[in-house]
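Below: model.txt (compact mmCIF, C-alpha atoms)
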```
# COMPACT_ATOMS: atom_id res chain seq x y z
CA MET L 1 -94.34 -141.52 -62.75
CA THR L 2 -94.73 -137.82 -62.10
CA ALA L 3 -97.68 -135.47 -61.67
CA GLU L 4 -100.54 -136.22 -64.08
CA ASN L 5 -98.30 -138.74 -65.83
CA ARG L 6 -96.84 -135.88 -67.89
CA VAL L 7 -93.44 -137.58 -67.66
CA THR L 8 -93.08 -141.31 -67.10
CA ILE L 9 -90.11 -143.21 -65.66
CA ASP L 10 -89.56 -146.96 -66.02
CA LEU L 11 -86.40 -148.42 -64.44
CA ALA L 12 -85.20 -151.71 -65.95
CA ASP L 13 -83.37 -154.42 -64.04
CA ASN L 14 -80.03 -153.36 -65.55
CA GLY L 15 -80.42 -149.81 -64.18
CA VAL L 16 -81.44 -148.09 -67.42
CA ALA L 17 -84.35 -145.70 -66.86
CA GLN L 18 -86.71 -145.03 -69.74
CA VAL L 19 -87.98 -141.45 -69.34
CA ARG L 20 -90.75 -140.24 -71.65
CA PHE L 21 -92.38 -136.88 -72.19
CA ASN L 22 -96.04 -137.88 -72.25
CA ARG L 23 -98.09 -135.10 -73.79
CA PRO L 24 -98.37 -136.52 -77.31
CA ASP L 25 -101.55 -134.63 -78.23
CA LYS L 26 -99.53 -131.38 -77.95
CA MET L 27 -96.27 -132.79 -79.36
CA ASN L 28 -94.91 -132.66 -75.79
CA ALA L 29 -94.98 -128.86 -75.82
CA LEU L 30 -94.05 -127.08 -72.61
CA ASP L 31 -96.89 -125.65 -70.54
CA PRO L 32 -96.59 -124.91 -66.79
CA ALA L 33 -97.58 -128.45 -65.81
CA GLN L 34 -95.00 -129.91 -68.19
CA PHE L 35 -92.25 -127.74 -66.71
CA GLU L 36 -93.23 -128.97 -63.25
CA ALA L 37 -93.33 -132.62 -64.33
CA ILE L 38 -89.92 -132.52 -66.04
CA ILE L 39 -88.27 -130.92 -63.02
CA GLU L 40 -89.91 -133.45 -60.71
CA ALA L 41 -88.70 -136.31 -62.91
CA GLY L 42 -85.14 -134.98 -62.80
CA GLU L 43 -85.25 -134.71 -59.02
CA ASN L 44 -86.61 -138.26 -58.72
CA LEU L 45 -83.83 -139.63 -60.91
CA ARG L 46 -81.16 -138.06 -58.72
CA GLU L 47 -82.44 -140.05 -55.74
CA MET L 48 -83.13 -143.31 -57.58
CA LYS L 49 -81.19 -146.34 -56.30
CA GLY L 50 -79.60 -148.59 -58.87
CA LEU L 51 -79.73 -145.99 -61.64
CA ARG L 52 -76.98 -146.41 -64.25
CA ALA L 53 -78.18 -144.57 -67.37
CA VAL L 54 -81.20 -142.67 -68.69
CA VAL L 55 -82.85 -142.80 -72.12
CA LEU L 56 -84.90 -139.66 -72.70
CA ALA L 57 -87.51 -139.49 -75.48
CA GLY L 58 -90.94 -138.12 -76.36
CA GLU L 59 -94.14 -140.07 -76.91
CA GLY L 60 -96.06 -139.59 -80.14
CA ARG L 61 -94.91 -137.56 -83.13
CA ALA L 62 -92.28 -135.39 -81.49
CA PHE L 63 -89.53 -135.12 -78.93
CA CYS L 64 -90.69 -131.65 -77.82
CA ALA L 65 -92.19 -128.84 -79.90
CA GLY L 66 -90.97 -126.16 -77.50
CA LEU L 67 -93.02 -123.67 -75.53
CA ASP L 68 -96.79 -124.03 -75.59
CA VAL L 69 -97.35 -120.32 -76.12
CA SER L 70 -101.13 -120.61 -75.79
CA SER L 71 -100.83 -121.86 -72.21
CA PHE L 72 -98.86 -118.86 -70.91
CA THR L 73 -101.09 -115.93 -70.10
CA ALA L 74 -99.65 -112.82 -68.57
CA ALA L 75 -99.70 -113.20 -64.79
CA PRO L 76 -100.12 -110.15 -62.57
CA ASP L 77 -96.78 -108.55 -61.77
CA GLY L 78 -97.08 -109.61 -58.14
CA GLU L 79 -97.27 -113.29 -59.12
CA ARG L 80 -94.35 -113.41 -61.55
CA LYS L 81 -90.94 -114.32 -60.23
CA PRO L 82 -88.08 -112.44 -61.89
CA LEU L 83 -86.11 -114.59 -64.32
CA THR L 84 -82.95 -113.65 -62.47
CA GLU L 85 -84.16 -115.44 -59.34
CA ARG L 86 -82.36 -118.78 -58.96
CA THR L 87 -85.14 -121.18 -57.94
CA HIS L 88 -83.20 -124.42 -58.57
CA GLY L 89 -79.58 -124.02 -57.51
CA ASN L 90 -77.89 -122.22 -60.39
CA ALA L 91 -81.01 -122.06 -62.58
CA ASN L 92 -84.51 -120.64 -62.78
CA THR L 93 -87.50 -122.86 -63.50
CA PHE L 94 -87.25 -122.45 -67.28
CA GLN L 95 -83.55 -123.33 -67.30
CA GLU L 96 -83.94 -126.25 -64.93
CA VAL L 97 -85.87 -128.39 -67.43
CA ALA L 98 -82.66 -128.51 -69.51
CA MET L 99 -80.07 -128.31 -66.74
CA THR L 100 -81.63 -131.12 -64.70
CA TRP L 101 -80.23 -133.67 -67.18
CA ARG L 102 -76.69 -132.36 -66.60
CA LYS L 103 -77.34 -132.55 -62.85
CA CYS L 104 -78.42 -136.19 -63.19
CA PRO L 105 -75.55 -138.28 -61.72
CA VAL L 106 -75.56 -140.79 -64.61
CA PRO L 107 -75.31 -140.33 -68.39
CA VAL L 108 -78.49 -139.24 -70.19
CA ILE L 109 -79.02 -140.24 -73.82
CA ALA L 110 -81.72 -138.31 -75.70
CA ALA L 111 -83.51 -140.03 -78.60
CA VAL L 112 -84.87 -137.20 -80.74
CA HIS L 113 -87.49 -137.50 -83.47
CA GLY L 114 -90.25 -135.54 -85.16
CA VAL L 115 -89.98 -131.96 -83.94
CA CYS L 116 -87.43 -130.44 -81.59
CA PHE L 117 -87.91 -126.69 -81.44
CA GLY L 118 -86.88 -123.94 -79.04
CA GLY L 119 -87.09 -125.17 -75.47
CA GLY L 120 -87.21 -128.75 -76.75
CA LEU L 121 -83.82 -128.28 -78.43
CA GLN L 122 -82.40 -126.83 -75.23
CA ILE L 123 -83.75 -129.79 -73.22
CA ALA L 124 -82.19 -132.25 -75.66
CA SER L 125 -78.94 -130.30 -75.37
CA GLY L 126 -78.92 -131.05 -71.64
CA ALA L 127 -78.38 -134.73 -72.39
CA ASP L 128 -74.86 -136.17 -72.47
CA ILE L 129 -75.49 -137.75 -75.87
CA ARG L 130 -78.10 -136.95 -78.53
CA VAL L 131 -79.26 -139.52 -81.10
CA VAL L 132 -81.40 -137.84 -83.76
CA HIS L 133 -83.53 -139.05 -86.66
CA PRO L 134 -82.27 -137.48 -89.91
CA ALA L 135 -85.70 -136.00 -90.74
CA THR L 136 -86.19 -134.34 -87.35
CA ARG L 137 -87.25 -130.70 -87.66
CA MET L 138 -85.09 -128.56 -85.39
CA ALA L 139 -84.69 -124.85 -84.70
CA VAL L 140 -83.44 -122.35 -82.15
CA MET L 141 -86.91 -120.85 -82.26
CA GLU L 142 -86.98 -118.03 -79.72
CA MET L 143 -86.20 -115.16 -82.10
CA LYS L 144 -89.48 -115.90 -83.91
CA TRP L 145 -91.24 -114.57 -80.83
CA GLY L 146 -88.84 -111.67 -80.34
CA LEU L 147 -87.00 -113.51 -77.54
CA VAL L 148 -83.52 -114.84 -76.87
CA PRO L 149 -82.75 -118.47 -75.95
CA ASP L 150 -82.81 -118.56 -72.15
CA MET L 151 -83.40 -122.17 -71.10
CA GLY L 152 -79.76 -123.13 -70.66
CA GLY L 153 -78.91 -123.33 -74.34
CA TYR L 154 -75.96 -120.97 -74.38
CA HIS L 155 -74.37 -122.90 -71.53
CA LEU L 156 -75.11 -126.31 -73.06
CA TRP L 157 -74.12 -125.50 -76.65
CA ARG L 158 -70.69 -124.24 -75.61
CA GLY L 159 -68.02 -126.59 -76.89
CA ASN L 160 -70.43 -128.42 -79.23
CA VAL L 161 -71.81 -125.88 -81.72
CA ARG L 162 -69.49 -123.66 -83.73
CA ASP L 163 -69.82 -120.02 -82.69
CA ASP L 164 -70.72 -118.49 -86.05
CA THR L 165 -73.14 -121.31 -86.87
CA LEU L 166 -74.92 -120.81 -83.56
CA ARG L 167 -75.17 -117.06 -84.08
CA GLU L 168 -76.77 -117.49 -87.49
CA LEU L 169 -79.29 -120.07 -86.20
CA VAL L 170 -80.22 -117.88 -83.23
CA TYR L 171 -80.52 -114.64 -85.20
CA THR L 172 -82.64 -116.16 -88.00
CA ASN L 173 -84.45 -119.04 -86.18
CA ARG L 174 -83.82 -121.01 -89.39
CA GLU L 175 -85.17 -124.56 -89.30
CA PHE L 176 -82.68 -127.37 -89.90
CA SER L 177 -82.80 -131.16 -90.10
CA GLY L 178 -81.47 -133.89 -87.88
CA GLN L 179 -78.84 -134.56 -90.53
CA ASP L 180 -77.81 -130.91 -90.38
CA ALA L 181 -77.71 -131.17 -86.58
CA LEU L 182 -74.87 -133.68 -86.80
CA GLU L 183 -72.80 -131.25 -88.87
CA TYR L 184 -73.65 -128.28 -86.63
CA GLY L 185 -72.89 -130.04 -83.34
CA PHE L 186 -76.40 -130.45 -81.92
CA ALA L 187 -76.41 -134.24 -82.53
CA THR L 188 -73.97 -136.98 -81.57
CA PHE L 189 -75.41 -139.63 -83.91
CA VAL L 190 -78.00 -139.58 -86.69
CA THR L 191 -79.95 -142.76 -87.42
CA GLU L 192 -83.33 -143.96 -88.65
CA ASP L 193 -83.84 -145.64 -85.24
CA PRO L 194 -82.77 -143.10 -82.60
CA LEU L 195 -84.48 -144.91 -79.73
CA GLY L 196 -82.83 -148.22 -80.59
CA LYS L 197 -79.39 -146.59 -80.84
CA ALA L 198 -79.96 -144.67 -77.57
CA ASN L 199 -80.84 -147.91 -75.80
CA ASP L 200 -77.77 -149.66 -77.19
CA ILE L 201 -75.58 -146.89 -75.77
CA ALA L 202 -77.39 -146.89 -72.42
CA ASN L 203 -77.13 -150.66 -72.07
CA GLU L 204 -73.40 -150.50 -72.80
CA ILE L 205 -72.96 -147.79 -70.15
CA ALA L 206 -74.98 -149.86 -67.68
CA SER L 207 -72.45 -152.68 -68.06
CA ARG L 208 -69.57 -150.49 -66.80
CA ASN L 209 -68.41 -149.73 -63.25
CA PRO L 210 -71.21 -147.43 -62.02
CA GLU L 211 -68.89 -145.52 -59.69
CA ALA L 212 -66.43 -144.80 -62.51
CA ILE L 213 -69.26 -143.75 -64.84
CA ARG L 214 -70.55 -141.23 -62.29
CA GLY L 215 -67.04 -139.94 -61.71
CA ALA L 216 -66.50 -139.55 -65.45
CA LYS L 217 -69.70 -137.53 -65.76
CA ARG L 218 -68.56 -135.22 -62.96
CA LEU L 219 -65.25 -134.76 -64.76
CA SER L 220 -67.04 -134.00 -68.03
CA GLU L 221 -68.89 -131.17 -66.29
CA ALA L 222 -65.72 -129.92 -64.59
CA MET L 223 -63.92 -129.82 -67.93
CA LEU L 224 -66.24 -127.05 -69.12
CA GLU L 225 -66.16 -125.02 -65.93
CA GLN L 226 -62.81 -125.30 -64.18
CA SER L 227 -59.22 -124.25 -64.78
CA GLY L 228 -56.60 -126.66 -66.02
CA ASP L 229 -55.08 -127.04 -62.57
CA ASP L 230 -58.46 -127.75 -61.00
CA ILE L 231 -59.28 -130.35 -63.65
CA LEU L 232 -56.00 -132.16 -63.03
CA MET L 233 -56.80 -132.34 -59.33
CA ALA L 234 -60.38 -133.44 -60.05
CA GLU L 235 -59.08 -136.33 -62.17
CA SER L 236 -56.87 -137.47 -59.30
CA VAL L 237 -59.68 -137.22 -56.77
CA GLU L 238 -62.09 -139.22 -58.91
CA GLN L 239 -59.50 -141.88 -59.72
CA ALA L 240 -58.53 -142.31 -56.08
CA ALA L 241 -62.19 -142.81 -55.23
CA VAL L 242 -62.57 -145.83 -57.54
CA MET L 243 -59.10 -147.38 -57.79
CA ARG L 244 -58.74 -150.76 -56.07
CA LYS L 245 -62.32 -150.60 -54.85
CA PRO L 246 -64.55 -153.70 -55.26
CA ASN L 247 -66.29 -152.47 -58.42
CA GLN L 248 -63.01 -151.57 -60.10
CA ILE L 249 -61.52 -154.95 -59.21
CA GLU L 250 -64.69 -156.64 -60.52
CA ALA L 251 -64.30 -154.78 -63.83
CA VAL L 252 -60.78 -156.15 -64.20
CA MET L 253 -61.72 -159.69 -63.18
CA ALA L 254 -64.76 -159.82 -65.48
CA GLY L 255 -62.60 -158.70 -68.39
CA MET L 256 -59.92 -161.28 -67.66
CA GLN L 257 -62.49 -164.06 -67.21
CA LYS L 258 -64.52 -162.98 -70.25
CA ARG L 259 -67.81 -162.74 -68.35
CA ALA L 260 -70.40 -160.12 -67.55
CA PRO L 261 -69.44 -158.06 -64.49
CA LYS L 262 -71.53 -158.06 -61.32
CA PHE L 263 -71.23 -154.61 -59.80
CA THR L 264 -72.47 -153.34 -56.48
CA ASP L 265 -74.83 -150.46 -57.14
CA VAL L 266 -74.01 -146.98 -55.92
```

Written as structure tokens, how would this file's structure read?
Amino acid sequence: MTAENRVTIDLADNGVAQVRFNRPDKMNALDPAQFEAIIEAGENLREMKGLRAVVLAGEGRAFCAGLDVSSFTAAPDGERKPLTERTHGNANTFQEVAMTWRKCPVPVIAAVHGVCFGGGLQIASGADIRVVHPATRMAVMEMKWGLVPDMGGYHLWRGNVRDDTLRELVYTNREFSGQDALEYGFATFVTEDPLGKANDIANEIASRNPEAIRGAKRLSEAMLEQSGDDILMAESVEQAAVMRKPNQIEAVMAGMQKRAPKFTDV
């Protein structure tokens, strides 16, 4: 668990971590303490032994209702860090709550229900896979407050959401449903039981070679950032790192013998 139990982590025996936003009375809205707790949870996951997949969800009636505007009072100029300051590698604090899920070494599956507005939508977009209830209320909300999305969304939506669709949703902050999200590219799956589907996916991932899964996630990130030549080399590097190693051999043997594999954890 993290500070004040704002975010909880429960690691199962198969390596699937259940991560929950735990501010249900405020629909898991983002105040300063929630930002701190999410970032701390992400950092803890990166160091967690035996981790194979993450299921990310919100307690109560919502995944995350976005920024808790009432909790942010104007700080004196001397106390505010400029947004351009990179406090967490390539991100500032506000961006890190979304980017930390991409920095997690294993796949993250977000189970989204209730409300997913603004910063909450950008956090969900940081997951590898998003499973959304069809009635979820969603919006790129920032323009309502005269702001632009700045919590990693533009980076994370690239390649998923069609350009003109994204522009319209940003400019108008129009609310849309979980069913719409599948069409627009914000959702991977839509189902009445997003948490159940997310766990099914996570458990399937946890049954695969953990070294190959981590390598595949690194390649997925490289695919968005690097040139064609660099991606080709990255594929070769990742494959050489797993080929003929004990876990890769175990994957082959388990398949041939029709049994569950027994991998050595990373």

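Picture a line from CA of Arg52 in chain L to CA of Ala98 in chain L; it runs 19.5 Å.
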
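Proximity to Pro32 in chain L was assessed for L:Ser71, L:Val106, L:Leu224, L:Arg20 counting all atoms listed in the file; the smallest distance is recorded for L:Ser71.
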
Name all residues at most 7 Å from Ala41 in chain L (count only C-alpha atoms; drop same-chain ones fewer than 3 positions away) and give them as a compact mmCIF listing (two decimals) with C-alpha atoms, keeping the file's coordinate frame.
```
# COMPACT_ATOMS: atom_id res chain seq x y z
CA THR L 2 -94.73 -137.82 -62.10
CA VAL L 7 -93.44 -137.58 -67.66
CA ALA L 37 -93.33 -132.62 -64.33
CA ILE L 38 -89.92 -132.52 -66.04
CA ASN L 44 -86.61 -138.26 -58.72
CA LEU L 45 -83.83 -139.63 -60.91
```

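Between CA of Ser220 in chain L and CA of Glu235 in chain L lies a distance of 10.2 Å.
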
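Between CA of Pro246 in chain L and CA of Leu219 in chain L lies a distance of 21.2 Å.
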
Restrict the calculation to all atoms listed in the file, then for each residue of range 99-157 of chain L with any atom at most 9 Å from an atom of range 176-193 of chain L give the closest atom pair and their distance in Å to one decimal, rows by chain and rising residue number, as a tab-separated table.
```
residue	atom	partner	partner_atom	distance
L:Ala111	CA	L:Asp193	CA	8.7
L:Val112	CA	L:Gly178	CA	8.6
L:His113	CA	L:Gly178	CA	8.3
L:Leu121	CA	L:Phe186	CA	8.5
L:Ala124	CA	L:Phe186	CA	8.7
L:Ser125	CA	L:Phe186	CA	7.0
L:Ile129	CA	L:Thr188	CA	5.9
L:Arg130	CA	L:Ala187	CA	5.1
L:Val131	CA	L:Phe189	CA	4.8
L:Val132	CA	L:Val190	CA	4.8
L:His133	CA	L:Thr191	CA	5.2
L:Pro134	CA	L:Gly178	CA	4.2
L:Ala135	CA	L:Gly178	CA	5.5
L:Thr136	CA	L:Gly178	CA	4.8
L:Arg137	CA	L:Ser177	CA	5.1
L:Met138	CA	L:Phe176	CA	5.3
L:Ala139	CA	L:Phe176	CA	6.1
L:Trp157	CA	L:Phe186	CA	7.6
```

Check: Residues at most 12 Å from Lys26 in chain L, counting only C-alpha atoms, excluding those fewer than 3 positions away in the same chain, as a PyMOL selection string?
Finding: chain L and resi 6+21-23+29-31+34+58-71+115

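Shortest separation to Ala33 in chain L among L:Leu169, L:Cys104, L:Val97, L:Ala234 occurs at residue L:Val97, atoms counted being all atoms listed in the file.
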
Margin query: Show me, as a ChimeraX atom specification, the residues that have an atom within 7 Å of Ile9 in chain L when counting only C-alpha atoms, minus same-chain residues fewer than 4 positions from it.
Written below: /L:1,17-20

Hey, can I get the axis-aligned box for range 7-24 of chain L? All listed atoms, 3 Å padding on each side, centre and edge lengths in Å to one decimal, as lines of an AutoDock Vina configuration file.
```
center_x = -89.2
center_y = -144.8
center_z = -70.7
size_x = 24.3
size_y = 25.3
size_z = 19.3
```

Next item on the list: Within 8 Å of Gln248 in chain L, counting only C-alpha atoms, which residues show up once you throw out same-chain ones fewer than 6 positions away? Write them as a ChimeraX atom specification, please.
Entry: /L:209,212,242

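With distances restricted to all atoms listed in the file, L:Glu47 is the closest residue to Val266 in chain L from L:Gly118, L:Asp164, L:Glu47, L:Asp10.
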
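The nearest approach to Arg46 in chain L among the residues L:Thr100, L:Gln122, L:Ser236, L:Asn5, with all atoms listed in the file taken into account, belongs to L:Thr100.
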
Note to self: Which residue is closest to Pro261 in chain L? Choose from L:Leu147, L:Ala206, L:Ala198, L:Met48 and count only C-alpha atoms.
What the structure shows: L:Ala206

Quick test: take range 247-259 of chain L, keep all heavy atoms, and write it as an mmCIF file, in the first residue's frame.
```
data_model
loop_
_atom_site.group_PDB
_atom_site.id
_atom_site.type_symbol
_atom_site.label_atom_id
_atom_site.label_comp_id
_atom_site.auth_asym_id
_atom_site.auth_seq_id
_atom_site.Cartn_x
_atom_site.Cartn_y
_atom_site.Cartn_z
ATOM 1 N N ASN L 247 13.786 -19.943 -19.577
ATOM 2 C CA ASN L 247 12.355 -19.663 -19.650
ATOM 3 C C ASN L 247 11.791 -19.893 -21.040
ATOM 4 O O ASN L 247 10.649 -20.343 -21.193
ATOM 5 C CB ASN L 247 12.074 -18.217 -19.209
ATOM 6 C CG ASN L 247 11.983 -18.077 -17.699
ATOM 7 O OD1 ASN L 247 11.795 -19.050 -16.971
ATOM 8 N ND2 ASN L 247 12.113 -16.851 -17.216
ATOM 9 N N GLN L 248 12.579 -19.605 -22.065
ATOM 10 C CA GLN L 248 12.100 -19.843 -23.428
ATOM 11 C C GLN L 248 12.014 -21.342 -23.707
ATOM 12 O O GLN L 248 11.056 -21.824 -24.303
ATOM 13 C CB GLN L 248 13.031 -19.166 -24.435
ATOM 14 C CG GLN L 248 12.474 -19.101 -25.859
ATOM 15 C CD GLN L 248 12.969 -20.245 -26.739
ATOM 16 O OE1 GLN L 248 14.130 -20.640 -26.662
ATOM 17 N NE2 GLN L 248 12.089 -20.757 -27.591
ATOM 18 N N ILE L 249 12.988 -22.084 -23.235
ATOM 19 C CA ILE L 249 12.956 -23.547 -23.390
ATOM 20 C C ILE L 249 11.775 -24.134 -22.629
ATOM 21 O O ILE L 249 11.081 -25.039 -23.120
ATOM 22 C CB ILE L 249 14.285 -24.158 -22.904
ATOM 23 C CG1 ILE L 249 15.428 -23.694 -23.820
ATOM 24 C CG2 ILE L 249 14.200 -25.670 -22.853
ATOM 25 C CD1 ILE L 249 16.806 -24.055 -23.306
ATOM 26 N N GLU L 250 11.509 -23.597 -21.423
ATOM 27 C CA GLU L 250 10.369 -24.067 -20.625
ATOM 28 C C GLU L 250 9.054 -23.798 -21.338
ATOM 29 O O GLU L 250 8.141 -24.636 -21.300
ATOM 30 C CB GLU L 250 10.380 -23.397 -19.250
ATOM 31 C CG GLU L 250 9.147 -23.643 -18.393
ATOM 32 C CD GLU L 250 8.903 -25.094 -18.018
ATOM 33 O OE1 GLU L 250 9.792 -25.949 -18.272
ATOM 34 O OE2 GLU L 250 7.822 -25.392 -17.497
ATOM 35 N N ALA L 251 8.944 -22.660 -22.027
ATOM 36 C CA ALA L 251 7.726 -22.364 -22.781
ATOM 37 C C ALA L 251 7.484 -23.412 -23.864
ATOM 38 O O ALA L 251 6.356 -23.876 -24.062
ATOM 39 C CB ALA L 251 7.822 -20.973 -23.400
ATOM 40 N N VAL L 252 8.546 -23.799 -24.558
ATOM 41 C CA VAL L 252 8.432 -24.808 -25.601
ATOM 42 C C VAL L 252 8.072 -26.165 -25.011
ATOM 43 O O VAL L 252 7.168 -26.858 -25.490
ATOM 44 C CB VAL L 252 9.748 -24.900 -26.402
ATOM 45 C CG1 VAL L 252 9.683 -26.054 -27.392
ATOM 46 C CG2 VAL L 252 10.018 -23.586 -27.130
ATOM 47 N N MET L 253 8.762 -26.560 -23.946
ATOM 48 C CA MET L 253 8.524 -27.864 -23.341
ATOM 49 C C MET L 253 7.117 -27.967 -22.766
ATOM 50 O O MET L 253 6.453 -28.996 -22.913
ATOM 51 C CB MET L 253 9.555 -28.122 -22.245
ATOM 52 C CG MET L 253 10.993 -28.226 -22.750
ATOM 53 S SD MET L 253 11.202 -29.519 -24.010
ATOM 54 C CE MET L 253 10.820 -31.000 -23.057
ATOM 55 N N ALA L 254 6.650 -26.907 -22.104
ATOM 56 C CA ALA L 254 5.304 -26.929 -21.533
ATOM 57 C C ALA L 254 4.261 -27.074 -22.626
ATOM 58 O O ALA L 254 3.267 -27.801 -22.469
ATOM 59 C CB ALA L 254 5.062 -25.661 -20.727
ATOM 60 N N GLY L 255 4.477 -26.392 -23.760
ATOM 61 C CA GLY L 255 3.545 -26.512 -24.866
ATOM 62 C C GLY L 255 3.528 -27.913 -25.449
ATOM 63 O O GLY L 255 2.465 -28.460 -25.751
ATOM 64 N N MET L 256 4.701 -28.502 -25.612
ATOM 65 C CA MET L 256 4.790 -29.852 -26.168
ATOM 66 C C MET L 256 4.192 -30.886 -25.229
ATOM 67 O O MET L 256 3.573 -31.866 -25.671
ATOM 68 C CB MET L 256 6.251 -30.188 -26.461
ATOM 69 C CG MET L 256 6.872 -29.349 -27.575
ATOM 70 S SD MET L 256 8.636 -29.701 -27.808
ATOM 71 C CE MET L 256 8.576 -31.421 -28.313
ATOM 72 N N GLN L 257 4.359 -30.675 -23.929
ATOM 73 C CA GLN L 257 3.884 -31.641 -22.924
ATOM 74 C C GLN L 257 2.474 -31.335 -22.434
ATOM 75 O O GLN L 257 1.959 -32.033 -21.556
ATOM 76 C CB GLN L 257 4.863 -31.677 -21.754
ATOM 77 C CG GLN L 257 6.249 -32.184 -22.153
ATOM 78 C CD GLN L 257 7.290 -31.970 -21.061
ATOM 79 O OE1 GLN L 257 6.987 -31.550 -19.949
ATOM 80 N NE2 GLN L 257 8.549 -32.271 -21.392
ATOM 81 N N LYS L 258 1.882 -30.276 -22.988
ATOM 82 C CA LYS L 258 0.513 -29.876 -22.641
ATOM 83 C C LYS L 258 0.319 -29.711 -21.129
ATOM 84 O O LYS L 258 -0.585 -30.285 -20.515
ATOM 85 C CB LYS L 258 -0.497 -30.877 -23.208
ATOM 86 C CG LYS L 258 -0.403 -31.029 -24.722
ATOM 87 C CD LYS L 258 -1.510 -31.935 -25.251
ATOM 88 C CE LYS L 258 -1.330 -32.183 -26.747
ATOM 89 N NZ LYS L 258 -1.307 -30.961 -27.536
ATOM 90 N N ARG L 259 1.198 -28.902 -20.544
ATOM 91 C CA ARG L 259 1.138 -28.622 -19.099
ATOM 92 C C ARG L 259 1.374 -27.142 -18.873
ATOM 93 O O ARG L 259 1.788 -26.416 -19.772
ATOM 94 C CB ARG L 259 2.193 -29.438 -18.348
ATOM 95 C CG ARG L 259 3.618 -29.154 -18.810
ATOM 96 C CD ARG L 259 4.656 -29.814 -17.927
ATOM 97 N NE ARG L 259 6.011 -29.653 -18.442
ATOM 98 C CZ ARG L 259 6.744 -28.561 -18.282
ATOM 99 N NH1 ARG L 259 6.260 -27.503 -17.616
ATOM 100 N NH2 ARG L 259 7.972 -28.486 -18.768
#
```
